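Heads up, input-v4.txt below (compact mmCIF, C-alpha atoms):
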```
# COMPACT_ATOMS: atom_id res chain seq x y z
CA MET A 1 8.31 173.68 41.46
CA ALA A 2 5.09 172.27 39.97
CA ASP A 3 2.84 174.65 38.02
CA PRO A 4 -0.96 174.74 38.68
CA THR A 5 -1.78 172.39 35.77
CA THR A 6 0.74 169.83 36.95
CA LEU A 7 -0.59 170.07 40.51
CA LEU A 8 -4.14 169.50 39.24
CA LEU A 9 -3.10 166.39 37.32
CA LEU A 10 -1.11 165.10 40.27
CA GLY A 11 -4.14 165.70 42.48
CA LEU A 12 -6.31 163.60 40.16
CA ALA A 13 -3.69 160.86 40.24
CA GLY A 14 -3.73 161.03 44.05
CA LEU A 15 -7.53 160.73 44.07
CA ALA A 16 -7.47 157.62 41.86
CA ALA A 17 -4.57 156.14 43.81
CA GLY A 18 -6.35 156.65 47.12
CA PHE A 19 -9.46 154.82 45.88
CA VAL A 20 -7.53 151.87 44.42
CA ASP A 21 -5.28 151.65 47.46
CA ALA A 22 -8.24 151.56 49.84
CA VAL A 23 -10.00 148.74 47.98
CA VAL A 24 -7.17 146.35 47.10
CA GLY A 25 -3.87 148.23 47.44
CA GLY A 26 -1.47 149.18 44.70
CA GLY A 27 -2.30 152.86 44.43
CA GLY A 28 1.41 153.55 44.28
CA LEU A 29 1.46 152.14 40.75
CA ILE A 30 -0.70 155.13 39.82
CA GLN A 31 0.74 157.76 42.12
CA LEU A 32 4.49 157.15 41.88
CA PRO A 33 4.67 157.16 38.05
CA ALA A 34 2.50 160.31 38.05
CA ILE A 35 5.04 162.12 40.24
CA LEU A 36 7.93 160.85 38.12
CA ILE A 37 6.25 162.17 34.96
CA GLY A 38 5.00 165.41 36.50
CA LEU A 39 8.28 166.28 38.22
CA PRO A 40 11.03 165.05 35.90
CA ASN A 41 13.71 167.15 37.64
CA ALA A 42 12.99 165.88 41.14
CA SER A 43 15.51 163.53 42.73
CA THR A 44 14.67 159.90 43.52
CA ILE A 45 14.46 160.55 47.25
CA GLN A 46 12.21 163.61 46.72
CA VAL A 47 9.82 161.54 44.61
CA LEU A 48 9.74 158.67 47.11
CA ALA A 49 9.37 160.96 50.14
CA SER A 50 6.57 163.06 48.60
CA ASN A 51 4.78 159.89 47.48
CA LYS A 52 4.88 158.46 51.01
CA VAL A 53 3.50 161.62 52.63
CA ALA A 54 0.62 161.69 50.14
CA ALA A 55 0.02 157.96 50.51
CA ILE A 56 -0.13 157.93 54.31
CA SER A 57 -2.80 160.65 54.20
CA GLY A 58 -5.25 158.40 52.35
CA THR A 59 -4.13 155.26 54.15
CA THR A 60 -4.88 156.84 57.52
CA VAL A 61 -8.49 157.51 56.54
CA SER A 62 -9.07 154.16 54.82
CA ALA A 63 -7.43 152.22 57.67
CA ALA A 64 -9.64 154.00 60.23
CA THR A 65 -12.74 153.31 58.13
CA TYR A 66 -11.93 149.62 57.82
CA TYR A 67 -11.15 149.37 61.52
CA ARG A 68 -14.53 150.85 62.49
CA ARG A 69 -16.55 148.82 59.99
CA VAL A 70 -14.73 145.44 59.83
CA ARG A 71 -13.09 145.22 63.29
CA PRO A 72 -10.03 143.13 62.27
CA ASP A 73 -8.44 140.86 64.87
CA PRO A 74 -5.61 142.72 66.70
CA ARG A 75 -3.83 139.40 67.33
CA THR A 76 -3.06 139.40 63.61
CA PHE A 77 -2.83 143.02 62.58
CA LEU A 78 -0.65 144.26 65.49
CA PRO A 79 2.30 141.88 64.84
CA LEU A 80 1.73 142.36 61.10
CA MET A 81 2.02 146.14 61.53
CA ALA A 82 5.04 145.92 63.83
CA LEU A 83 7.11 143.82 61.44
CA ALA A 84 5.86 145.77 58.43
CA PHE A 85 7.13 148.95 60.12
CA ALA A 86 10.55 147.39 60.77
CA GLY A 87 10.78 145.97 57.25
CA SER A 88 9.82 149.28 55.68
CA MET A 89 12.47 151.17 57.65
CA GLY A 90 15.07 148.73 56.37
CA GLY A 91 13.82 149.11 52.81
CA ALA A 92 13.79 152.91 53.02
CA LEU A 93 17.42 152.93 54.13
CA VAL A 94 18.47 151.25 50.87
CA ALA A 95 15.84 152.90 48.66
CA THR A 96 18.10 155.42 46.96
CA GLN A 97 20.75 152.78 46.20
CA VAL A 98 18.52 150.44 44.21
CA PRO A 99 17.50 151.50 40.66
CA ARG A 100 13.82 151.26 39.80
CA GLU A 101 14.67 149.20 36.70
CA ALA A 102 15.89 146.36 38.92
CA PHE A 103 12.47 145.99 40.53
CA ASP A 104 10.15 146.11 37.53
CA PRO A 105 10.80 142.61 36.08
CA ILE A 106 10.53 140.99 39.52
CA VAL A 107 7.30 142.82 40.38
CA LEU A 108 5.87 141.97 36.94
CA VAL A 109 6.47 138.23 37.38
CA ALA A 110 5.03 138.35 40.90
CA LEU A 111 1.89 140.15 39.69
CA VAL A 112 1.36 137.64 36.86
CA LEU A 113 1.60 134.75 39.33
CA VAL A 114 -0.67 136.49 41.85
CA GLY A 115 -3.29 137.45 39.26
CA GLY A 116 -3.32 134.02 37.66
CA TYR A 117 -3.63 132.25 41.01
CA VAL A 118 -6.60 134.37 42.09
CA LEU A 119 -8.28 134.18 38.68
CA PHE A 120 -8.16 130.39 38.45
CA LYS A 121 -9.24 129.79 42.04
CA PRO A 122 -12.68 131.45 42.08
CA ALA A 123 -13.47 130.36 45.63
CA LEU A 124 -10.28 131.89 47.02
CA GLY A 125 -11.04 134.62 49.54
CA ASP A 126 -14.82 134.21 49.49
CA ALA A 127 -14.84 133.51 53.22
CA THR A 128 -12.29 133.42 56.02
CA ALA A 129 -10.86 129.91 56.59
CA LEU A 130 -7.63 130.37 58.54
CA ARG A 131 -4.84 127.96 57.61
CA PHE A 132 -2.75 128.41 60.76
CA ALA A 133 -3.51 128.76 64.45
CA GLY A 134 -1.76 130.19 67.48
CA HIS A 135 1.94 130.95 67.16
CA ARG A 136 2.11 129.66 63.57
CA HIS A 137 -0.53 132.18 62.53
CA THR A 138 1.33 135.01 64.26
CA ALA A 139 4.64 133.92 62.71
CA ALA A 140 3.10 133.87 59.22
CA ALA A 141 1.66 137.35 59.74
CA MET A 142 5.01 138.66 61.01
CA GLY A 143 6.90 137.15 58.07
CA THR A 144 4.43 138.73 55.67
CA GLY A 145 4.83 142.10 57.34
CA LEU A 146 8.63 141.98 57.27
CA LEU A 147 9.03 140.96 53.62
CA VAL A 148 6.28 143.10 52.09
CA GLY A 149 7.25 145.97 54.40
CA PHE A 150 10.85 145.88 53.15
CA TYR A 151 9.63 146.05 49.56
CA ASP A 152 7.36 148.99 50.38
CA GLY A 153 10.17 150.96 52.00
CA ALA A 154 12.51 150.29 49.09
CA LEU A 155 10.06 151.12 46.29
CA GLY A 156 6.41 150.55 47.17
CA PRO A 157 4.09 150.23 44.14
CA GLY A 158 1.76 147.25 44.51
CA THR A 159 2.48 146.80 48.23
CA GLY A 160 -1.18 146.74 49.26
CA SER A 161 -1.99 144.14 46.59
CA PHE A 162 0.84 141.92 47.83
CA PHE A 163 -0.41 142.29 51.41
CA VAL A 164 -3.97 141.39 50.34
CA PHE A 165 -2.89 138.39 48.29
CA THR A 166 -0.62 137.00 51.03
CA LEU A 167 -3.27 137.43 53.71
CA VAL A 168 -5.81 135.65 51.48
CA GLY A 169 -3.58 132.99 49.91
CA LEU A 170 -1.28 132.19 52.82
CA LEU A 171 -3.27 132.97 55.96
CA GLY A 172 -6.76 132.21 54.62
CA TYR A 173 -8.63 135.50 55.12
CA SER A 174 -11.50 136.68 52.96
CA PHE A 175 -10.69 139.50 50.55
CA LEU A 176 -12.59 142.03 52.68
CA GLU A 177 -10.84 141.09 55.93
CA ALA A 178 -7.50 140.95 54.13
CA SER A 179 -8.05 144.44 52.74
CA ALA A 180 -8.75 145.77 56.25
CA LYS A 181 -5.53 144.30 57.64
CA ALA A 182 -3.57 145.34 54.56
CA ARG A 183 -4.59 148.99 55.07
CA LEU A 184 -3.36 148.92 58.66
CA ALA A 185 -0.07 147.28 57.68
CA ASN A 186 0.37 149.68 54.76
CA TRP A 187 -0.16 152.62 57.12
CA ALA A 188 2.71 151.29 59.25
CA THR A 189 5.02 150.87 56.24
CA ASN A 190 4.28 154.38 55.01
CA LEU A 191 4.99 155.83 58.45
CA ALA A 192 8.28 153.96 58.71
CA ALA A 193 9.48 155.25 55.34
CA ILE A 194 8.51 158.81 56.32
CA VAL A 195 10.53 158.48 59.54
CA ILE A 196 13.58 157.82 57.35
CA PHE A 197 12.86 160.39 54.63
CA LEU A 198 11.60 163.34 56.70
CA PRO A 199 14.87 164.23 58.49
CA GLN A 200 16.55 164.39 55.08
CA GLY A 201 14.31 167.30 54.04
CA ALA A 202 13.30 165.44 50.90
CA VAL A 203 9.53 166.08 50.91
CA LEU A 204 8.17 168.46 48.25
CA TRP A 205 5.46 169.79 50.53
CA ARG A 206 3.31 171.62 47.98
CA VAL A 207 2.99 168.47 45.88
CA ALA A 208 2.63 166.19 48.90
CA VAL A 209 -0.17 168.26 50.48
CA VAL A 210 -2.23 168.52 47.27
CA MET A 211 -1.87 164.82 46.50
CA GLY A 212 -2.41 163.92 50.15
CA LEU A 213 -5.75 165.77 50.35
CA CYS A 214 -6.93 164.07 47.16
CA ASN A 215 -5.66 160.74 48.47
CA ILE A 216 -7.78 161.20 51.60
CA VAL A 217 -10.95 161.66 49.53
CA GLY A 218 -10.12 158.64 47.37
CA GLY A 219 -9.23 156.52 50.37
CA TYR A 220 -12.46 157.35 52.22
CA VAL A 221 -14.67 156.62 49.21
CA GLY A 222 -12.74 153.45 48.36
CA ALA A 223 -12.89 152.00 51.88
CA ARG A 224 -16.62 152.67 52.25
CA THR A 225 -17.29 151.21 48.81
CA ALA A 226 -15.35 148.04 49.60
CA VAL A 227 -17.07 147.54 52.97
CA ASN A 228 -20.54 148.17 51.52
CA ARG A 229 -20.06 146.02 48.41
CA GLY A 230 -18.34 143.14 50.20
CA THR A 231 -15.82 140.42 49.37
CA ARG A 232 -17.00 139.64 45.82
CA PHE A 233 -16.53 143.26 44.75
CA VAL A 234 -13.06 143.40 46.30
CA ARG A 235 -12.04 140.16 44.53
CA ILE A 236 -13.19 141.38 41.10
CA PHE A 237 -11.58 144.77 41.65
CA PHE A 238 -8.37 143.03 42.72
CA ILE A 239 -8.21 141.04 39.47
CA LEU A 240 -8.89 144.14 37.36
CA VAL A 241 -6.28 146.24 39.16
CA VAL A 242 -3.61 143.53 39.03
CA SER A 243 -4.31 143.05 35.31
CA ALA A 244 -3.89 146.79 34.70
CA PHE A 245 -0.62 146.77 36.68
CA ILE A 246 0.67 143.84 34.60
CA VAL A 247 -0.02 145.78 31.39
CA ARG A 248 1.57 148.93 32.83
CA LEU A 249 4.75 147.26 34.10
CA GLY A 250 4.92 144.88 31.13
CA GLY A 251 5.02 147.90 28.83
CA ASP A 252 7.87 149.38 30.85
CA VAL A 253 9.90 146.17 30.85
CA LEU A 254 9.39 145.58 27.10
CA GLY A 255 9.98 149.22 26.22
CA VAL A 256 6.48 149.73 24.78
CA TRP A 257 5.73 152.95 26.68
```
Exercise: express the given structure as structure tokens:
Amino acid sequence: MADPTTLLLLGLAGLAAGFVDAVVGGGGLIQLPAILIGLPNASTIQVLASNKVAAISGTTVSAATYYRRVRPDPRTFLPLMALAFAGSMGGALVATQVPREAFDPIVLVALVLVGGYVLFKPALGDATALRFAGHRHTAAAMGTGLLVGFYDGALGPGTGSFFVFTLVGLLGYSFLEASAKARLANWATNLAAIVIFLPQGAVLWRVAVVMGLCNIVGGYVGARTAVNRGTRFVRIFFILVVSAFIVRLGGDVLGVW
């Protein structure tokens, strides 16, 4: 059971994670390690389940805010959400069988490639210029949802950033529109994982509720900030967050931390 000081620190981590997640995704790279450090005796499934309950709290608010303010196209986000939900359920089913250490090097390489690509293509994501039309566009969105959704169900950190990058780099959306669709898809992946974890009684409710409330505040502020500041702000924030994640995961892989 977490003591009051630990709960306070976990709440602050949830607040920061909610803000980052709402703007560009990847709040799990703040929130999940915080739970691991704060609750060293918790099992893997308890950590993952509590993280998902907290995360969906903020994602619900940020997704609703984006939907009201940006009005993303349902022809893209509905199939994206559906396949993301299915992929996440599949990932959650194997989550406890895959060690975290197996993911870190792969995620690190992916983040380096993603960050470098965005950094050296300054016009990327400035405006929406869709690369596919009709069924090809829907198929690309569904493929994105399935693959990124599976990763989110299995582990999760950085999922929103991968959604944003794929929607910008592959489908051709602006960073702001991509963030709106990524929040909706991430909400679906969180819900799917919870559907798997909840019947197992794995959620540490005291921790999940405190972090969830803080995540809601962070998610609301982050979504409104992103919408008000626009695509350029989201792009810069994306590069900064991905860079921080590279340092964080790089330290883990190299044994620095």
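Separating CA of Ser57 in chain A from CA of Val210 in chain A is a distance of 10.5 Å.
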Range 230-237 of chain A surroundings by all atoms listed in the file, 8 Å radius, close-in-sequence under 2 positions cut, as a PyMOL selection string: chain A and resi 23-24+125-127+174-176+226-228+239-241
Edge lengths and centre in Å to one decimal, as lines of an AutoDock Vina configuration file, is what I'm after for the box along x, y and z that holds all listed atoms of range 212-223 of chain A once 5 Å is added on each side.
```
center_x = -8.5
center_y = 158.9
center_z = 49.7
size_x = 22.3
size_y = 23.8
size_z = 15.1
```
Which of A:Pro105, A:Gly27, A:Pro199, A:Gly11 sits closest to Gly251 in chain A [using all atoms listed in the file]: A:Pro105
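Across the structure, CA of Leu213 in chain A and CA of Leu147 in chain A are spaced 29.1 Å apart.
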Selection: 10 Å around Val70 in chain A, all atoms listed in the file, excl. self and same-chain fewer than 2 positions, as JSON, numbers by chain: {"A": [64, 65, 66, 67, 68, 72, 73, 176, 177, 179, 180, 181, 227]}
Who sits within 12 Å of Thr5 in chain A, all atoms listed in the file, same chain under 5 positions skipped, as an NGL selection string: :A and (10-12 or 38 or 207)
Between CA of Leu80 in chain A and CA of Ile35 in chain A, distance in Å (one decimal): 28.9 Å
Test item: which residues lie within 9 Å of (-5.3, 150.0, 45.7) counting only C-alpha atoms, as a PyMOL selection string: chain A and resi 16-29+158-161+219+222+238+241
Pick from A:Ala154, A:Ala123, A:Ile194, A:Val148, whichever lies nearest to Gly172 in chain A using all atoms listed in the file: A:Ala123
Near-Ala54 in chain A list (6 Å; all atoms listed in the file; drop same-chain fewer than 4 positions) as a ChimeraX atom specification: /A:208,211-212
Test item: residues at most 10 Å from Phe197 in chain A, all atoms listed in the file, excluding those fewer than 4 positions along its chain, as an NGL selection string: :A and (45-46 or 48-50 or 52-53 or 89 or 92-93 or 191-193 or 201-203)
From A:Gln97, A:Ser243, A:Thr59, A:Thr76, residue lying nearest Val118 in chain A [only C-alpha atoms]: A:Ser243
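Taking all atoms listed in the file into account, Val94 in chain A lies nearest to A:Leu155 out of the set A:Pro79, A:Ala223, A:Leu155, A:Arg131.
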Among listed residues A:Leu204, A:Val242, A:Ala188, A:Leu198, nearest Ser43 in chain A (using only C-alpha atoms): A:Leu204
Using only C-alpha atoms: which of A:Val61, A:Ala110, A:Leu32, A:Met81 has the shortest distance to Ala185 in chain A: A:Met81
